[in-house]
Amino acid sequence: MDAYYYLIAGLPDISLDDGKLSYTVDSFKSEIYPDLSTKDKKLIDLYYLEYDNENLLLLLHDKDSSINSKGLFSAEELLTVIELVKEGDFTDKKYPPYFSTFISEYFNLPAEDLYKAGDMLASAYYSYAMRCKNRFISAWYEFNLNINNIQSAMSARKYNIDVASVIVGNTEISEALRTSNARDFGLNETLTYLEPLQRISEIEDLVDREKKVDLLKWNWLENESFFNYFTIERLFVFLLQLEMIERWISLDKEKGNELFRKMIQNLKDEVQIPEEFRN
């Protein structure tokens, strides 16, 4: 296992309530990423692939879309992958295998089912990330998937939407969320963070609710990586925490409320809701 004593010793202390940062996600990519071993770069790549997923969806919808530069691949590279998969001639191992599988499935989707593409890609991405051989990073992706799915399931119940239609992934937890009618989805004894999430879901203020979820994730990262002092796990945690802080710095309360209203509206739009449940 590679140790990064000097890199980690030089990192600034950060907290979720920081109002500004002397270090950013872009700084990490330009200053820390190049010094990692090839094996550890592949682990950090799992983080950056989330931006590539967003970019892939944009380019499948419109090949002239502007993409997020934080991803691993350029627009030209992603468009080449799309075209090669479309032609049935894609073999490049430079890209994660779920790219080609997803793109093939995307082109076979009926027009009325294209709204499912985001969930399909997310499911493929999480499955890929959870198979990585680093136990901590694999556990993070499973934890994050569970958090997202539990929040979706709770929102679906609130708005009388079919829960199964909003759950991503093929894990045992995902299946329990799809099929259980119990208040705790039969998971209270399995997931120690289910009860805190249920309490968070009852918070009326959407921005405060999301901040509490990020704090739950922040504490999980700190606790689970406690004994990883100078390893890639600590750098991975630092990168995720940087992203959280950057997001909150960029959102004032008004913009935050607007964002979450939009998220809820998107959830409503995905599934037909009975008229009596519409706002």
# chains A, B, ... in the order shown; residues from 1 in each chain; ligands from 1
>>> closest_atom_pairs(of="stretch 24-77 of chain A", to="stretch 5-20 of chain A", cutoff="10 Å", atoms="only C-alpha atoms", output="CSV")
residue,atom,partner,partner_atom,distance
A:Thr24,CA,A:Lys20,CA,9.8
A:Glu31,CA,A:Leu7,CA,9.6
A:Ile32,CA,A:Leu7,CA,7.3
A:Asp35,CA,A:Leu7,CA,8.8
A:Leu36,CA,A:Leu7,CA,9.7
>>> residues_around(residues="A:Thr190", least_positions_apart="3", cutoff="12 Å", atoms="only C-alpha atoms", output="ChimeraX atom specification")
/A:146,172-173,176,184-187,193-195
>>> select_by_dssp(residues="stretch 175-264 of chain A", states="helix (DSSP H, G or I)", output="ChimeraX atom specification")
/A:175-179,194-201,206-224,232-250,253-264
>>> write_last_selection(atoms="C-alpha atoms", output="PDB file, in the first residue's frame")
ATOM      1  CA  GLU A 175     -34.419  -4.933  -3.349  1.00  0.00           C
ATOM      2  CA  ALA A 176     -35.695  -4.459   0.212  1.00  0.00           C
ATOM      3  CA  LEU A 177     -36.549  -0.827  -0.563  1.00  0.00           C
ATOM      4  CA  ARG A 178     -38.413  -1.884  -3.702  1.00  0.00           C
ATOM      5  CA  THR A 179     -40.498  -4.583  -2.071  1.00  0.00           C
ATOM      6  CA  LEU A 194     -31.678   4.444   8.667  1.00  0.00           C
ATOM      7  CA  GLU A 195     -33.232   5.984  11.772  1.00  0.00           C
ATOM      8  CA  PRO A 196     -31.164   9.208  11.523  1.00  0.00           C
ATOM      9  CA  LEU A 197     -32.180   9.464   7.862  1.00  0.00           C
ATOM     10  CA  GLN A 198     -35.843   9.071   8.802  1.00  0.00           C
ATOM     11  CA  ARG A 199     -35.501  11.927  11.291  1.00  0.00           C
ATOM     12  CA  ILE A 200     -33.745  14.060   8.692  1.00  0.00           C
ATOM     13  CA  SER A 201     -36.552  13.376   6.191  1.00  0.00           C
ATOM     14  CA  LEU A 206     -35.118  21.543   2.279  1.00  0.00           C
ATOM     15  CA  VAL A 207     -31.695  23.168   2.490  1.00  0.00           C
ATOM     16  CA  ASP A 208     -31.316  22.286   6.168  1.00  0.00           C
ATOM     17  CA  ARG A 209     -32.376  18.734   5.368  1.00  0.00           C
ATOM     18  CA  GLU A 210     -29.757  18.381   2.652  1.00  0.00           C
ATOM     19  CA  LYS A 211     -27.077  19.865   4.905  1.00  0.00           C
ATOM     20  CA  LYS A 212     -27.906  17.250   7.548  1.00  0.00           C
ATOM     21  CA  VAL A 213     -27.545  14.495   4.951  1.00  0.00           C
ATOM     22  CA  ASP A 214     -24.131  15.814   3.961  1.00  0.00           C
ATOM     23  CA  LEU A 215     -23.150  15.937   7.626  1.00  0.00           C
ATOM     24  CA  LEU A 216     -24.194  12.280   7.958  1.00  0.00           C
ATOM     25  CA  LYS A 217     -21.974  11.440   4.984  1.00  0.00           C
ATOM     26  CA  TRP A 218     -19.123  13.572   6.349  1.00  0.00           C
ATOM     27  CA  ASN A 219     -19.208  11.773   9.706  1.00  0.00           C
ATOM     28  CA  TRP A 220     -19.322   8.368   8.006  1.00  0.00           C
ATOM     29  CA  LEU A 221     -16.239   9.256   5.973  1.00  0.00           C
ATOM     30  CA  GLU A 222     -14.370  10.429   9.067  1.00  0.00           C
ATOM     31  CA  ASN A 223     -15.323   7.428  11.188  1.00  0.00           C
ATOM     32  CA  GLU A 224     -14.713   4.764   8.565  1.00  0.00           C
ATOM     33  CA  ILE A 232      -5.171   6.777  -0.551  1.00  0.00           C
ATOM     34  CA  GLU A 233      -8.309   6.437   1.589  1.00  0.00           C
ATOM     35  CA  ARG A 234      -7.494   9.680   3.411  1.00  0.00           C
ATOM     36  CA  LEU A 235      -6.953  11.488   0.107  1.00  0.00           C
ATOM     37  CA  PHE A 236     -10.218  10.084  -1.241  1.00  0.00           C
ATOM     38  CA  VAL A 237     -12.050  11.384   1.843  1.00  0.00           C
ATOM     39  CA  PHE A 238     -10.416  14.797   1.480  1.00  0.00           C
ATOM     40  CA  LEU A 239     -11.553  15.008  -2.148  1.00  0.00           C
ATOM     41  CA  LEU A 240     -15.157  14.122  -1.283  1.00  0.00           C
ATOM     42  CA  GLN A 241     -15.198  16.634   1.554  1.00  0.00           C
ATOM     43  CA  LEU A 242     -13.817  19.340  -0.729  1.00  0.00           C
ATOM     44  CA  GLU A 243     -16.681  18.699  -3.121  1.00  0.00           C
ATOM     45  CA  MET A 244     -19.272  19.012  -0.336  1.00  0.00           C
ATOM     46  CA  ILE A 245     -17.851  22.310   0.908  1.00  0.00           C
ATOM     47  CA  GLU A 246     -17.567  23.759  -2.603  1.00  0.00           C
ATOM     48  CA  ARG A 247     -21.205  22.928  -3.254  1.00  0.00           C
ATOM     49  CA  TRP A 248     -22.412  24.649  -0.092  1.00  0.00           C
ATOM     50  CA  ILE A 249     -20.241  27.698  -0.639  1.00  0.00           C
ATOM     51  CA  SER A 250     -21.769  28.089  -4.103  1.00  0.00           C
ATOM     52  CA  LYS A 253     -30.203  29.671   0.971  1.00  0.00           C
ATOM     53  CA  GLU A 254     -32.480  31.063  -1.747  1.00  0.00           C
ATOM     54  CA  LYS A 255     -30.658  29.229  -4.518  1.00  0.00           C
ATOM     55  CA  GLY A 256     -30.590  26.094  -2.394  1.00  0.00           C
ATOM     56  CA  ASN A 257     -34.350  26.130  -1.896  1.00  0.00           C
ATOM     57  CA  GLU A 258     -34.828  26.643  -5.627  1.00  0.00           C
ATOM     58  CA  LEU A 259     -32.551  23.682  -6.358  1.00  0.00           C
ATOM     59  CA  PHE A 260     -34.437  21.312  -4.077  1.00  0.00           C
ATOM     60  CA  ARG A 261     -37.844  22.444  -5.330  1.00  0.00           C
ATOM     61  CA  LYS A 262     -36.591  21.535  -8.788  1.00  0.00           C
ATOM     62  CA  MET A 263     -35.351  18.146  -7.565  1.00  0.00           C
ATOM     63  CA  ILE A 264     -38.754  17.331  -6.084  1.00  0.00           C
TER      64      ILE A 264
END
>>> residues_around(residues="stretch 56-63 of chain A", least_positions_apart="6", cutoff="8 Å", atoms="only C-alpha atoms", output="PyMOL selection string")
chain A and resi 75+78-79+82+117-118
>>> residues_around(residues="A:Ser100", least_positions_apart="4", cutoff="10 Å", atoms="only C-alpha atoms", output="list in words")
Val81, Ile82, Leu84, Val85, Lys86, Gly88, Phe90, Thr91, Asp92, Tyr95, Pro96, Ser104, Glu105 and Tyr106 of chain A
>>> closest_atom_pairs(of="stretch 136-232 of chain A", to="stretch 44-48 of chain A", cutoff="12 Å", atoms="only C-alpha atoms", output="CSV")
residue,atom,partner,partner_atom,distance
A:Ile137,CA,A:Leu46,CA,9.1
A:Ser138,CA,A:Leu46,CA,10.0
A:Trp140,CA,A:Tyr47,CA,10.9
A:Tyr141,CA,A:Leu46,CA,9.6
A:Ile232,CA,A:Ile44,CA,8.4
>>> atom_distance(atom1="atom CA of A:Asp205", atom2="atom CA of A:Glu142")
26.9 Å
>>> atom_distance(atom1="atom CA of A:Asn149", atom2="atom CA of A:Leu191")
12.8 Å
>>> closest_residue(among="A:Met120, A:Glu202, A:Asn188, A:Asp52", to="A:Gln151", atoms="only C-alpha atoms")
A:Glu202
>>> atom_distance(atom1="atom CA of A:Met130", atom2="atom CA of A:Phe99")
15.8 Å
